[in-house]
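What follows is the content of input.pdb, which has PDB, C-alpha atoms:
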ATOM      1  CA  MET A   3      80.220 115.836  85.719
ATOM      2  CA  GLU A   4      80.854 112.089  85.904
ATOM      3  CA  ASN A   5      83.648 109.723  84.893
ATOM      4  CA  LEU A   6      86.330 112.111  86.036
ATOM      5  CA  THR A   7      88.010 109.618  88.347
ATOM      6  CA  GLU A   8      91.174 109.179  86.325
ATOM      7  CA  MET A   9      91.615 112.847  85.606
ATOM      8  CA  LEU A  10      90.925 113.867  89.182
ATOM      9  CA  LYS A  11      93.481 111.523  90.670
ATOM     10  CA  GLY A  12      96.299 114.034  90.630
ATOM     11  CA  VAL A  13      94.334 116.988  91.908
ATOM     12  CA  LEU A  14      91.991 115.548  94.495
ATOM     13  CA  GLU A  15      94.594 115.599  97.238
ATOM     14  CA  GLY A  16      95.226 119.307  96.646
ATOM     15  CA  SER A  17      91.493 119.995  96.550
ATOM     16  CA  VAL A  18      90.954 118.297  99.891
ATOM     17  CA  LEU A  19      93.860 120.202 101.385
ATOM     18  CA  GLU A  20      92.406 123.472 100.071
ATOM     19  CA  ILE A  21      89.048 122.724 101.697
ATOM     20  CA  ILE A  22      90.746 121.881 104.984
ATOM     21  CA  SER A  23      92.818 125.068 104.812
ATOM     22  CA  ARG A  24      89.689 127.214 104.944
ATOM     23  CA  LYS A  25      88.317 125.752 108.137
ATOM     24  CA  GLU A  26      88.747 122.696 110.323
ATOM     25  CA  THR A  27      86.463 120.010 108.927
ATOM     26  CA  TYR A  28      85.825 116.252 108.633
ATOM     27  CA  GLY A  29      85.594 113.617 105.900
ATOM     28  CA  TYR A  30      81.863 113.625 105.197
ATOM     29  CA  GLU A  31      81.726 117.394 105.094
ATOM     30  CA  ILE A  32      84.642 117.501 102.635
ATOM     31  CA  THR A  33      82.927 114.949 100.403
ATOM     32  CA  ARG A  34      79.729 116.973 100.398
ATOM     33  CA  GLN A  35      81.629 120.103  99.395
ATOM     34  CA  LEU A  36      83.330 118.309  96.495
ATOM     35  CA  ASN A  37      79.986 116.868  95.389
ATOM     36  CA  ALA A  38      78.363 120.294  95.589
ATOM     37  CA  LEU A  39      81.204 121.693  93.499
ATOM     38  CA  GLY A  40      80.173 119.272  90.746
ATOM     39  CA  PHE A  41      82.452 116.310  91.357
ATOM     40  CA  ALA A  42      79.577 113.887  91.623
ATOM     41  CA  ASP A  43      81.677 110.722  91.574
ATOM     42  CA  VAL A  44      83.704 111.514  94.660
ATOM     43  CA  VAL A  45      82.617 109.286  97.551
ATOM     44  CA  GLU A  46      83.462 109.334 101.256
ATOM     45  CA  GLY A  47      85.789 106.398 100.798
ATOM     46  CA  THR A  48      87.904 108.300  98.289
ATOM     47  CA  VAL A  49      88.200 111.283 100.585
ATOM     48  CA  TYR A  50      88.978 108.964 103.463
ATOM     49  CA  THR A  51      91.957 107.441 101.669
ATOM     50  CA  ILE A  52      93.248 110.954 100.906
ATOM     51  CA  LEU A  53      92.853 112.042 104.526
ATOM     52  CA  ILE A  54      94.860 109.039 105.644
ATOM     53  CA  ARG A  55      97.665 110.059 103.310
ATOM     54  CA  LEU A  56      97.577 113.679 104.480
ATOM     55  CA  GLU A  57      97.785 112.418 108.048
ATOM     56  CA  LYS A  58     100.654 110.083 107.238
ATOM     57  CA  ASN A  59     102.583 112.858 105.510
ATOM     58  CA  LYS A  60     101.949 115.123 108.521
ATOM     59  CA  LEU A  61     100.240 117.868 106.534
ATOM     60  CA  VAL A  62      97.260 118.120 108.902
ATOM     61  CA  GLU A  63      96.485 118.192 112.617
ATOM     62  CA  ILE A  64      93.771 115.948 113.933
ATOM     63  CA  THR A  65      91.291 116.357 116.771
ATOM     64  CA  LYS A  66      88.626 113.841 117.734
ATOM     65  CA  LYS A  67      85.288 115.335 118.634
ATOM     66  CA  PRO A  68      82.038 113.639 119.626
ATOM     67  CA  SER A  69      79.181 113.698 117.103
ATOM     68  CA  GLU A  70      75.417 113.270 117.499
ATOM     69  CA  LEU A  71      75.404 110.452 114.967
ATOM     70  CA  GLY A  72      77.784 107.523 115.114
ATOM     71  CA  PRO A  73      81.337 107.461 116.460
ATOM     72  CA  PRO A  74      83.508 110.439 117.416
ATOM     73  CA  ARG A  75      84.599 112.365 114.367
ATOM     74  CA  LYS A  76      88.123 113.113 113.308
ATOM     75  CA  PHE A  77      88.481 116.794 112.482
ATOM     76  CA  PHE A  78      91.283 117.946 110.229
ATOM     77  CA  ALA A  79      93.094 121.289 110.325
ATOM     78  CA  ILE A  80      95.953 122.337 108.085
ATOM     79  CA  ASN A  81      99.436 122.900 109.567
ATOM     80  CA  ASP A  82     102.500 124.757 108.252
ATOM     81  CA  ALA A  83     103.782 121.812 106.248
ATOM     82  CA  GLY A  84     100.294 121.461 104.771
ATOM     83  CA  ARG A  85     100.163 125.132 103.796
ATOM     84  CA  ASP A  86     103.533 124.758 102.119
ATOM     85  CA  GLU A  87     102.333 121.715 100.215
ATOM     86  CA  LEU A  88      99.137 123.521  99.241
ATOM     87  CA  ARG A  89     101.086 126.481  97.858
ATOM     88  CA  LYS A  90     103.171 124.098  95.751
ATOM     89  CA  PHE A  91     100.022 122.370  94.575
ATOM     90  CA  TRP A  92      98.482 125.606  93.286
ATOM     91  CA  GLU A  93     101.741 126.566  91.584
ATOM     92  CA  LYS A  94     101.774 123.243  89.756
ATOM     93  CA  TRP A  95      98.116 123.630  88.928
ATOM     94  CA  GLU A  96      98.649 127.125  87.504
ATOM     95  CA  PHE A  97     101.432 125.790  85.347
ATOM     96  CA  VAL A  98      99.464 122.799  84.052
ATOM     97  CA  SER A  99      96.290 124.723  83.370
ATOM     98  CA  SER A 100      98.067 127.590  81.593
ATOM     99  CA  LYS A 101      99.935 125.079  79.426
ATOM    100  CA  MET A 102      96.728 123.190  78.676
ATOM    101  CA  ASN A 103      95.064 126.415  77.552
ATOM    102  CA  GLU A 104      98.075 127.293  75.457
ATOM    103  CA  LEU A 105      97.918 123.885  73.820
ATOM    104  CA  LYS A 106      94.233 124.185  73.088
ATOM    105  CA  GLU A 107      94.512 127.664  71.596
ATOM    106  CA  LYS A 108      97.392 126.675  69.352
ATOM    107  CA  THR A 109      95.505 123.859  67.694
ATOM    108  CA  GLN A 110      92.347 125.853  67.089
TER     109      GLN A 110
ATOM    110  CA  MET B   1      85.983  93.638 116.216
ATOM    111  CA  ALA B   2      82.707  93.814 118.078
ATOM    112  CA  ARG B   3      81.715  97.115 116.474
ATOM    113  CA  VAL B   4      81.514  95.441 113.069
ATOM    114  CA  LYS B   5      78.580  93.315 114.203
ATOM    115  CA  THR B   6      76.490  96.410 114.863
ATOM    116  CA  LEU B   7      76.864  97.619 111.272
ATOM    117  CA  PRO B   8      74.116  97.019 108.673
ATOM    118  CA  GLN B   9      74.448  93.743 106.769
ATOM    119  CA  ASP B  10      75.839  95.239 103.555
ATOM    120  CA  TYR B  11      78.553  97.057 105.470
ATOM    121  CA  GLN B  12      79.483  93.871 107.319
ATOM    122  CA  ILE B  13      79.805  91.967 104.056
ATOM    123  CA  VAL B  14      82.097  94.528 102.478
ATOM    124  CA  TYR B  15      84.102  94.934 105.672
ATOM    125  CA  LYS B  16      84.807  91.210 105.778
ATOM    126  CA  GLU B  17      85.845  91.056 102.143
ATOM    127  CA  ILE B  18      88.147  94.047 102.594
ATOM    128  CA  GLN B  19      89.664  92.401 105.629
ATOM    129  CA  LYS B  20      90.350  89.200 103.722
ATOM    130  CA  TYR B  21      91.945  91.119 100.870
ATOM    131  CA  LEU B  22      94.171  93.067 103.239
ATOM    132  CA  PHE B  23      95.220  89.890 105.043
ATOM    133  CA  LYS B  24      96.517  88.608 101.729
ATOM    134  CA  VAL B  25      98.227  91.783 100.599
ATOM    135  CA  GLY B  26      99.635  92.392 104.084
ATOM    136  CA  PRO B  27     100.224  96.144 104.478
ATOM    137  CA  VAL B  28     102.244  96.820 107.636
ATOM    138  CA  GLU B  29      99.485  99.133 108.906
ATOM    139  CA  LEU B  30      97.427  96.040 109.651
ATOM    140  CA  THR B  31      99.367  95.646 112.878
ATOM    141  CA  GLU B  32     101.130  98.968 113.283
ATOM    142  CA  GLY B  33     100.231 102.615 113.558
ATOM    143  CA  ASN B  34      96.786 104.052 113.697
ATOM    144  CA  GLY B  35      94.614 101.055 113.009
ATOM    145  CA  LEU B  36      93.774 100.546 109.365
ATOM    146  CA  LEU B  37      90.780  98.337 110.113
ATOM    147  CA  SER B  38      89.316 100.379 112.957
ATOM    148  CA  GLY B  39      89.540 103.434 110.700
ATOM    149  CA  ILE B  40      87.414 101.631 108.130
ATOM    150  CA  VAL B  41      84.876 100.802 110.832
ATOM    151  CA  ASP B  42      84.730 104.503 111.789
ATOM    152  CA  LEU B  43      84.117 105.406 108.168
ATOM    153  CA  PHE B  44      81.425 102.740 107.841
ATOM    154  CA  GLU B  45      79.674 103.674 111.078
ATOM    155  CA  GLU B  46      79.356 107.233 109.931
ATOM    156  CA  GLY B  47      78.154 106.160 106.490
ATOM    157  CA  ALA B  48      75.567 103.843 107.995
ATOM    158  CA  ALA B  49      74.430 106.541 110.421
ATOM    159  CA  SER B  50      73.815 108.877 107.505
ATOM    160  CA  GLY B  51      71.691 106.243 105.777
ATOM    161  CA  LYS B  52      73.974 105.504 102.859
ATOM    162  CA  GLY B  53      74.557 102.117 101.261
ATOM    163  CA  VAL B  54      78.048 100.723 101.654
ATOM    164  CA  LEU B  55      79.007 101.100  97.987
ATOM    165  CA  GLU B  56      78.009 104.747  98.129
ATOM    166  CA  VAL B  57      80.724 105.095 100.728
ATOM    167  CA  THR B  58      83.500 102.991  99.193
ATOM    168  CA  GLY B  59      82.630 103.600  95.566
ATOM    169  CA  SER B  60      81.533 100.688  93.379
ATOM    170  CA  ASP B  61      85.067  99.341  92.947
ATOM    171  CA  VAL B  62      85.968  98.159  96.431
ATOM    172  CA  ALA B  63      89.388  96.925  95.326
ATOM    173  CA  VAL B  64      90.310 100.405  94.132
ATOM    174  CA  PHE B  65      89.256 101.761  97.512
ATOM    175  CA  CYS B  66      91.534  99.239  99.240
ATOM    176  CA  ASP B  67      94.479  99.951  96.996
ATOM    177  CA  GLU B  68      94.139 103.695  97.499
ATOM    178  CA  LEU B  69      94.026 103.057 101.215
ATOM    179  CA  ILE B  70      97.381 101.319 101.216
ATOM    180  CA  LYS B  71      98.976 103.124  98.277
ATOM    181  CA  ASP B  72     102.003 104.400 100.179
ATOM    182  CA  SER B  73     102.218 101.415 102.506
ATOM    183  CA  LYS B  74     104.885  98.817 102.614
ATOM    184  CA  THR B  75     103.703  95.250 102.783
ATOM    185  CA  TYR B  76     105.159  92.485 104.904
ATOM    186  CA  ALA B  77     106.195  90.842 101.671
ATOM    187  CA  ASP B  78     108.177  93.970 100.675
ATOM    188  CA  ILE B  79     109.998  93.939 103.981
ATOM    189  CA  ALA B  80     110.764  90.246 103.844
ATOM    190  CA  GLN B  81     112.043  90.588 100.284
ATOM    191  CA  GLU B  82     114.208  93.564 101.166
ATOM    192  CA  SER B  83     115.844  91.884 104.097
ATOM    193  CA  ALA B  84     116.318  88.709 102.086
ATOM    194  CA  ASN B  85     118.061  90.743  99.394
ATOM    195  CA  GLN B  86     120.210  92.418 101.988
ATOM    196  CA  ALA B  87     121.229  89.061 103.358
ATOM    197  CA  VAL B  88     122.141  87.880  99.888
ATOM    198  CA  ASN B  89     124.110  91.058  99.184
ATOM    199  CA  LYS B  90     125.977  90.702 102.436
ATOM    200  CA  ALA B  91     126.876  87.125 101.646
ATOM    201  CA  MET B  92     127.961  88.110  98.141
ATOM    202  CA  LYS B  93     130.102  90.906  99.544
ATOM    203  CA  LYS B  94     131.766  88.511 101.944
ATOM    204  CA  LEU B  95     132.560  86.231  99.028
ATOM    205  CA  THR B  96     133.987  89.006  96.870
ATOM    206  CA  ASP B  97     135.915  90.530  99.764
ATOM    207  CA  LYS B  98     137.645  87.242 100.319
ATOM    208  CA  LYS B  99     139.047  87.186  96.832
TER     209      LYS B  99
ATOM    210  CA  MET C   5     113.350  70.404 119.306
ATOM    211  CA  ASN C   6     110.722  70.653 116.645
ATOM    212  CA  PHE C   7     110.972  72.167 113.179
ATOM    213  CA  TRP C   8     109.900  75.675 114.231
ATOM    214  CA  GLU C   9     112.255  75.822 117.165
ATOM    215  CA  LYS C  10     115.128  74.858 114.957
ATOM    216  CA  ILE C  11     114.661  77.697 112.513
ATOM    217  CA  THR C  12     113.054  80.407 114.547
ATOM    218  CA  GLY C  13     114.809  80.551 117.865
ATOM    219  CA  SER C  14     112.897  80.281 121.089
ATOM    220  CA  ASP C  15     111.437  83.792 121.305
ATOM    221  CA  MET C  16     109.464  83.085 118.189
ATOM    222  CA  THR C  17     108.336  79.624 119.180
ATOM    223  CA  LYS C  18     105.926  81.294 121.551
ATOM    224  CA  GLU C  19     104.361  83.117 118.615
ATOM    225  CA  MET C  20     104.302  79.929 116.559
ATOM    226  CA  LYS C  21     102.619  78.102 119.402
ATOM    227  CA  ALA C  22      99.965  80.774 119.547
ATOM    228  CA  PHE C  23      99.472  80.376 115.782
ATOM    229  CA  GLU C  24      99.180  76.606 116.136
ATOM    230  CA  ALA C  25      96.572  77.048 118.862
ATOM    231  CA  ARG C  26      94.548  79.298 116.562
ATOM    232  CA  ALA C  27      94.946  76.833 113.689
ATOM    233  CA  LYS C  28      93.591  73.966 115.805
ATOM    234  CA  LYS C  29      90.271  75.766 116.058
ATOM    235  CA  LEU C  30      89.844  75.769 112.275
ATOM    236  CA  PRO C  31      87.693  73.209 110.425
ATOM    237  CA  ALA C  32      89.556  70.080 109.277
ATOM    238  CA  ASP C  33      89.943  71.073 105.616
ATOM    239  CA  TYR C  34      91.272  74.451 106.696
ATOM    240  CA  GLN C  35      93.735  72.805 109.042
ATOM    241  CA  ALA C  36      95.099  70.716 106.211
ATOM    242  CA  ALA C  37      95.511  73.819 104.069
ATOM    243  CA  TRP C  38      97.158  75.634 106.960
ATOM    244  CA  GLY C  39      99.756  72.900 107.233
ATOM    245  CA  GLU C  40     100.541  73.188 103.572
ATOM    246  CA  LEU C  41     100.668  77.002 103.622
ATOM    247  CA  ASN C  42     102.911  76.998 106.621
ATOM    248  CA  ALA C  43     105.373  74.532 105.131
ATOM    249  CA  ASN C  44     105.465  76.472 101.880
ATOM    250  CA  LEU C  45     106.066  79.804 103.548
ATOM    251  CA  TRP C  46     108.938  78.435 105.590
ATOM    252  CA  SER C  47     110.555  77.192 102.388
ATOM    253  CA  TYR C  48     111.676  80.768 101.653
ATOM    254  CA  SER C  49     114.969  80.122 103.292
ATOM    255  CA  ASN C  50     116.140  83.657 102.621
ATOM    256  CA  PHE C  51     113.501  84.989 104.973
ATOM    257  CA  SER C  52     114.083  85.171 108.668
ATOM    258  CA  GLY C  53     111.347  83.826 110.913
ATOM    259  CA  ARG C  54     110.770  87.329 112.186
ATOM    260  CA  ASN C  55     109.813  88.489 108.718
ATOM    261  CA  LEU C  56     107.509  85.566 108.196
ATOM    262  CA  MET C  57     105.551  86.045 111.425
ATOM    263  CA  PRO C  58     103.307  88.894 110.244
ATOM    264  CA  ILE C  59     102.722  87.138 106.927
ATOM    265  CA  ILE C  60     101.681  83.971 108.750
ATOM    266  CA  ASP C  61      99.515  86.015 111.080
ATOM    267  CA  GLY C  62      97.742  87.451 108.043
ATOM    268  CA  VAL C  63      97.188  84.028 106.502
ATOM    269  CA  LEU C  64      95.673  82.738 109.713
ATOM    270  CA  GLY C  65      93.408  85.753 109.904
ATOM    271  CA  LEU C  66      92.300  85.069 106.350
ATOM    272  CA  LEU C  67      91.564  81.416 107.135
ATOM    273  CA  GLU C  68      89.686  82.302 110.320
ATOM    274  CA  GLU C  69      87.508  84.890 108.618
ATOM    275  CA  SER C  70      86.794  82.680 105.626
ATOM    276  CA  ALA C  71      85.959  79.666 107.788
ATOM    277  CA  ALA C  72      83.639  81.748 109.961
ATOM    278  CA  ASP C  73      82.038  82.910 106.738
ATOM    279  CA  GLY C  74      81.337  79.320 105.712
ATOM    280  CA  GLN C  75      83.472  79.537 102.594
ATOM    281  CA  ARG C  76      85.149  76.380 101.301
ATOM    282  CA  VAL C  77      88.870  76.490 101.694
ATOM    283  CA  HIS C  78      89.347  75.811  98.004
ATOM    284  CA  GLU C  79      87.408  78.965  97.143
ATOM    285  CA  VAL C  80      89.774  80.958  99.291
ATOM    286  CA  LEU C  81      93.109  79.583  98.201
ATOM    287  CA  GLY C  82      92.542  78.135  94.747
ATOM    288  CA  ASP C  83      94.440  75.145  93.349
ATOM    289  CA  ASP C  84      97.925  76.456  93.552
ATOM    290  CA  ILE C  85      98.951  76.802  97.181
ATOM    291  CA  LYS C  86     102.583  77.148  96.230
ATOM    292  CA  GLY C  87     101.809  80.065  93.954
ATOM    293  CA  PHE C  88      99.582  81.583  96.592
ATOM    294  CA  CYS C  89     102.409  81.467  99.111
ATOM    295  CA  ALA C  90     104.874  82.916  96.638
ATOM    296  CA  ALA C  91     102.480  85.821  96.179
ATOM    297  CA  LEU C  92     102.121  86.296  99.930
ATOM    298  CA  ALA C  93     105.880  86.442 100.213
ATOM    299  CA  GLY C  94     106.159  88.871  97.305
ATOM    300  CA  GLU C  95     108.024  86.421  95.090
ATOM    301  CA  GLU C  96     107.709  86.327  91.330
ATOM    302  CA  GLY C  97     104.139  86.319  90.108
ATOM    303  CA  ALA C  98     102.947  88.339  93.103
ATOM    304  CA  LYS C  99     101.560  91.025  90.847
ATOM    305  CA  SER C 100      99.259  88.775  88.885
ATOM    306  CA  TYR C 101      98.081  87.220  92.128
ATOM    307  CA  ARG C 102      97.269  90.613  93.514
ATOM    308  CA  ASP C 103      95.132  91.234  90.408
ATOM    309  CA  LYS C 104      93.373  87.960  91.065
ATOM    310  CA  TRP C 105      92.733  88.889  94.696
ATOM    311  CA  ARG C 106      91.389  92.247  93.584
ATOM    312  CA  GLU C 107      88.950  90.530  91.235
ATOM    313  CA  GLN C 108      87.973  88.046  93.923
ATOM    314  CA  LEU C 109      87.228  90.886  96.313
ATOM    315  CA  ASN C 110      84.923  92.662  93.885
ATOM    316  CA  GLN C 111      83.232  89.448  92.766
ATOM    317  CA  ASN C 112      82.559  88.375  96.337
ATOM    318  CA  VAL C 113      81.140  91.771  97.168
ATOM    319  CA  ALA C 114      78.906  91.750  94.089
ATOM    320  CA  LYS C 115      77.729  88.207  94.796
ATOM    321  CA  LYS C 116      77.010  88.746  98.456
ATOM    322  CA  LEU C 117      75.325  92.086  98.045
ATOM    323  CA  GLY C 118      73.208  90.424  95.372
ATOM    324  CA  LYS C 119      73.891  93.022  92.731
TER     325      LYS C 119
END
Could you take the file, read its structure, and then write that structure out as structure tokens?
Amino acid sequence: MENLTEMLKGVLEGSVLEIISRKETYGYEITRQLNALGFADVVEGTVYTILIRLEKNKLVEITKKPSELGPPRKFFAINDAGRDELRKFWEKWEFVSSKMNELKEKTQ
Amino acid sequence: MARVKTLPQDYQIVYKEIQKYLFKVGPVELTEGNGLLSGIVDLFEEGAASGKGVLEVTGSDVAVFCDELIKDSKTYADIAQESANQAVNKAMKKLTDKK
Amino acid sequence: MNFWEKITGSDMTKEMKAFEARAKKLPADYQAAWGELNANLWSYSNFSGRNLMPIIDGVLGLLEESAADGQRVHEVLGDDIKGFCAALAGEEGAKSYRDKWREQLNQNVAKKLGK
């Protein structure tokens, strides 16, 4: 689906963290996963700005590894603070989505 | 940055415009921390290596990309304003203490 | 003692001298604008020189890049140098300037990529 940018703003950070929590990965790979999931508008640049924030807030650990193409890649792995943040994110998400469903059912 | 010159033309153009914008806005990361600009070059090198156009990497709204990049950053202007306000407050306090 | 030394203290004169050396390499119209920018920025008497240094460094970087790019200085700074400086320093009106810079960025990209 397209034109989701505004709506995705609040949840993209959590989504990226979730992807990182499953296995150590890097920006382009994360973007591809989000695209494959159906978020067609998400570009590398968007993911990059999120990764920088995760790094700044110390929610991830970073390792540089050489790649066949281009410069060495930064790989991201989740740490304890990140897992904590991720748990909070899903709690918030559960709350919002259950309330949204409640709202929708009431008006129908 | 010498690495910029090895990027495809479209990447170089956007890099330069981003740089000029950031020089004006002045986020502190321009001179501190983990290298805001060299991070962008990393991102661009990988994008170019995978055969993408630059706007496919940044998204079509380059300004939005920049603002997201420095969303949580202080700017030099913020810092200067803060310390100016502090100086004023101090001076005001001195005045009121005297009374 | 020159103007900079008077207000900055000697440890910062070294930095100012380095800035001046960079400015001298700019084209003439850029040098004129640099003089004006510099004077305007120093007029924020509430700011210490230390706080102004990174802002001035940024301005110089902007001028250097734009000159190397062959842009006219007027295109870069617009008519209102005072307002431009106020925005750099985060004074009133900074927000609307930032919007302008944002627009400029996207317009330049669109123009130069030929899209």
Open item on the list: Need to verify the contact set: segment 11-16 of chain B, 10 Å, all atoms listed in the file, exclusion of same-chain residues closer than 6 positions in sequence. Can you return it as a VMD selection string?
Closed with: (chain B and resid 3 to 5 22 37 40 to 41 44 to 45 47 to 48 52 to 55 57 to 58 62) or (chain C and resid 66 69 to 70 73 109 to 110 112 to 114 116 to 117)
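When only C-alpha atoms are used to measure the gap to chain A, the shortest distance among B:Leu69, B:Asp61, B:Gly39, B:Ile18 belongs to B:Leu69.
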Open item on the list: Taking all atoms listed in the file into account, name the residue in B:Phe23, B:Tyr76, B:Asp10, B:Asp67 that is nearest to Gly51 of chain B.
Closed with: B:Asp10
Taking a cut-off of 9 Å and counting all atoms listed in the file, can you build a table that, for each residue of chain A near chain B, reports the nearest atom pair and how far apart they are in Å (one decimal), sorted by chain then residue number, as a Markdown table?
| residue | atom | partner | partner_atom | distance |
| --- | --- | --- | --- | --- |
| A:Gly29 | CA | B:Leu43 | CA | 8.6 |
| A:Tyr30 | CA | B:Glu46 | CA | 8.3 |
| A:Asp43 | CA | B:Gly59 | CA | 8.2 |
| A:Val44 | CA | B:Gly59 | CA | 8.0 |
| A:Val45 | CA | B:Val57 | CA | 5.6 |
| A:Glu46 | CA | B:Val57 | CA | 5.1 |
| A:Gly47 | CA | B:Thr58 | CA | 4.4 |
| A:Thr48 | CA | B:Phe65 | CA | 6.7 |
| A:Tyr50 | CA | B:Leu43 | CA | 7.6 |
| A:Thr51 | CA | B:Leu69 | CA | 4.9 |
| A:Ile52 | CA | B:Leu69 | CA | 7.9 |
| A:Ile54 | CA | B:Leu69 | CA | 7.5 |
| A:Arg55 | CA | B:Asp72 | CA | 7.8 |
| A:Leu71 | CA | B:Ala49 | CA | 6.1 |
| A:Gly72 | CA | B:Glu46 | CA | 5.4 |
| A:Pro73 | CA | B:Asp42 | CA | 6.5 |
| A:Pro74 | CA | B:Asp42 | CA | 8.3 |
| A:Arg75 | CA | B:Asp42 | CA | 8.3 |
Open item on the list: To one decimal place in Å, what is the distance between atom CA of His78 of chain C and atom CA of Ala80 of chain B?
Closed with: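 Separation between atom CA of His78 of chain C and atom CA of Ala80 of chain B: 26.5 Å.
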TODO: Go through the shown structure with the ChimeraX specification (/B :<7) & /C and write out the matching residues as a ChimeraX atom specification.
DONE: /C:50-51,55,58-59,62-63,65-66,92-94,105-106,109-110,113,117
TODO: Can you pull out every residue within 10 Å of Ser17 of chain A, counting only C-alpha atoms, but drop anything in the same chain fewer than 5 positions away, and send it as a list in words?
DONE: Leu10, Gly12, Ile22, Ser23, Ile32, Leu36, Leu88, Phe91 and Trp92 of chain A
TODO: Can you work out which one of C:Glu19, C:Asp103, C:Glu95, C:Glu68 has the shortest atom-to-atom distance to Val80 of chain C, counting only C-alpha atoms?
DONE: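 Under the stated criterion, the closest residue is C:Glu68.
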What are the centre and the three edge lengths of an axis-aligned box that wraps all atoms of segment 28-32 of chain B in the file, given that 8 Å is added to every side, written as lines of an AutoDock Vina configuration file and rounded to one decimal in Å?
center_x = 99.8
center_y = 97.4
center_z = 110.5
size_x = 20.8
size_y = 19.5
size_z = 21.6
TODO: For the structure shown, which residues end up in the PyMOL selection byres ((chain C and resi 88) around 12)? Put them as a ChimeraX atom specification, please?
DONE: /B:24-25 /C:37,40-42,44-45,63,78,80-87,89-102,104-105
Keeping only C-alpha atoms, write the selected residues to a file as a PDB file, in the coordinates of the input.
ATOM      1  CA  LYS B  24      96.517  88.608 101.729  1.00  0.00           C
ATOM      2  CA  VAL B  25      98.227  91.783 100.599  1.00  0.00           C
TER       3      VAL B  25
ATOM      4  CA  ALA C  37      95.511  73.819 104.069  1.00  0.00           C
ATOM      5  CA  GLU C  40     100.541  73.188 103.572  1.00  0.00           C
ATOM      6  CA  LEU C  41     100.668  77.002 103.622  1.00  0.00           C
ATOM      7  CA  ASN C  42     102.911  76.998 106.621  1.00  0.00           C
ATOM      8  CA  ASN C  44     105.465  76.472 101.880  1.00  0.00           C
ATOM      9  CA  LEU C  45     106.066  79.804 103.548  1.00  0.00           C
ATOM     10  CA  VAL C  63      97.188  84.028 106.502  1.00  0.00           C
ATOM     11  CA  HIS C  78      89.347  75.811  98.004  1.00  0.00           C
ATOM     12  CA  VAL C  80      89.774  80.958  99.291  1.00  0.00           C
ATOM     13  CA  LEU C  81      93.109  79.583  98.201  1.00  0.00           C
ATOM     14  CA  GLY C  82      92.542  78.135  94.747  1.00  0.00           C
ATOM     15  CA  ASP C  83      94.440  75.145  93.349  1.00  0.00           C
ATOM     16  CA  ASP C  84      97.925  76.456  93.552  1.00  0.00           C
ATOM     17  CA  ILE C  85      98.951  76.802  97.181  1.00  0.00           C
ATOM     18  CA  LYS C  86     102.583  77.148  96.230  1.00  0.00           C
ATOM     19  CA  GLY C  87     101.809  80.065  93.954  1.00  0.00           C
ATOM     20  CA  CYS C  89     102.409  81.467  99.111  1.00  0.00           C
ATOM     21  CA  ALA C  90     104.874  82.916  96.638  1.00  0.00           C
ATOM     22  CA  ALA C  91     102.480  85.821  96.179  1.00  0.00           C
ATOM     23  CA  LEU C  92     102.121  86.296  99.930  1.00  0.00           C
ATOM     24  CA  ALA C  93     105.880  86.442 100.213  1.00  0.00           C
ATOM     25  CA  GLY C  94     106.159  88.871  97.305  1.00  0.00           C
ATOM     26  CA  GLU C  95     108.024  86.421  95.090  1.00  0.00           C
ATOM     27  CA  GLU C  96     107.709  86.327  91.330  1.00  0.00           C
ATOM     28  CA  GLY C  97     104.139  86.319  90.108  1.00  0.00           C
ATOM     29  CA  ALA C  98     102.947  88.339  93.103  1.00  0.00           C
ATOM     30  CA  LYS C  99     101.560  91.025  90.847  1.00  0.00           C
ATOM     31  CA  SER C 100      99.259  88.775  88.885  1.00  0.00           C
ATOM     32  CA  TYR C 101      98.081  87.220  92.128  1.00  0.00           C
ATOM     33  CA  ARG C 102      97.269  90.613  93.514  1.00  0.00           C
ATOM     34  CA  LYS C 104      93.373  87.960  91.065  1.00  0.00           C
ATOM     35  CA  TRP C 105      92.733  88.889  94.696  1.00  0.00           C
TER      36      TRP C 105
END
- [ ] Using the chain letters and residue numbers of this document, give as a VMD selection string the residues selected by the PyMOL selection byres ((chain A and resi 86) around 12).
- [x] chain A and resid 16 19 to 20 23 60 to 62 80 to 85 87 to 93
Task: For atom CA of Trp38 of chain C and atom CA of Leu67 of chain C, the interatomic separation in Å (one decimal) - done: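 Calculated distance between atom CA of Trp38 of chain C and atom CA of Leu67 of chain C is 8.0 Å.
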Task: Separation of atom CA of Val49 of chain A from atom CA of Lys25 of chain A in Å - done: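 Here the two named atoms are 16.3 Å from each other.
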Open item on the list: Under the rule that only C-alpha atoms are counted, which of A:Lys101, A:Trp95, A:Val18, A:Lys76 is the nearest residue to Asn37 of chain A?
Closed with: A:Val18
Please write a file for segment 84-88 of chain C, taken from the block I just shared, that holds N, CA and C atoms and is laid out as a PDB file, in the first residue's frame.
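Output file selection-v9.pdb is given in full below:
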ATOM      1  N   ASP C  84      18.062  39.406   1.977  1.00  0.00           N
ATOM      2  CA  ASP C  84      18.014  39.874   3.349  1.00  0.00           C
ATOM      3  C   ASP C  84      19.078  39.174   4.202  1.00  0.00           C
ATOM      4  N   ILE C  85      20.274  39.693   4.148  1.00  0.00           N
ATOM      5  CA  ILE C  85      21.384  39.051   4.868  1.00  0.00           C
ATOM      6  C   ILE C  85      21.162  39.109   6.368  1.00  0.00           C
ATOM      7  N   LYS C  86      20.589  40.203   6.817  1.00  0.00           N
ATOM      8  CA  LYS C  86      20.297  40.343   8.239  1.00  0.00           C
ATOM      9  C   LYS C  86      19.351  39.245   8.717  1.00  0.00           C
ATOM     10  N   GLY C  87      18.291  39.045   7.946  1.00  0.00           N
ATOM     11  CA  GLY C  87      17.321  38.011   8.281  1.00  0.00           C
ATOM     12  C   GLY C  87      17.943  36.626   8.224  1.00  0.00           C
ATOM     13  N   PHE C  88      18.787  36.438   7.235  1.00  0.00           N
ATOM     14  CA  PHE C  88      19.485  35.165   7.082  1.00  0.00           C
ATOM     15  C   PHE C  88      20.325  34.862   8.315  1.00  0.00           C
TER      16      PHE C  88
END
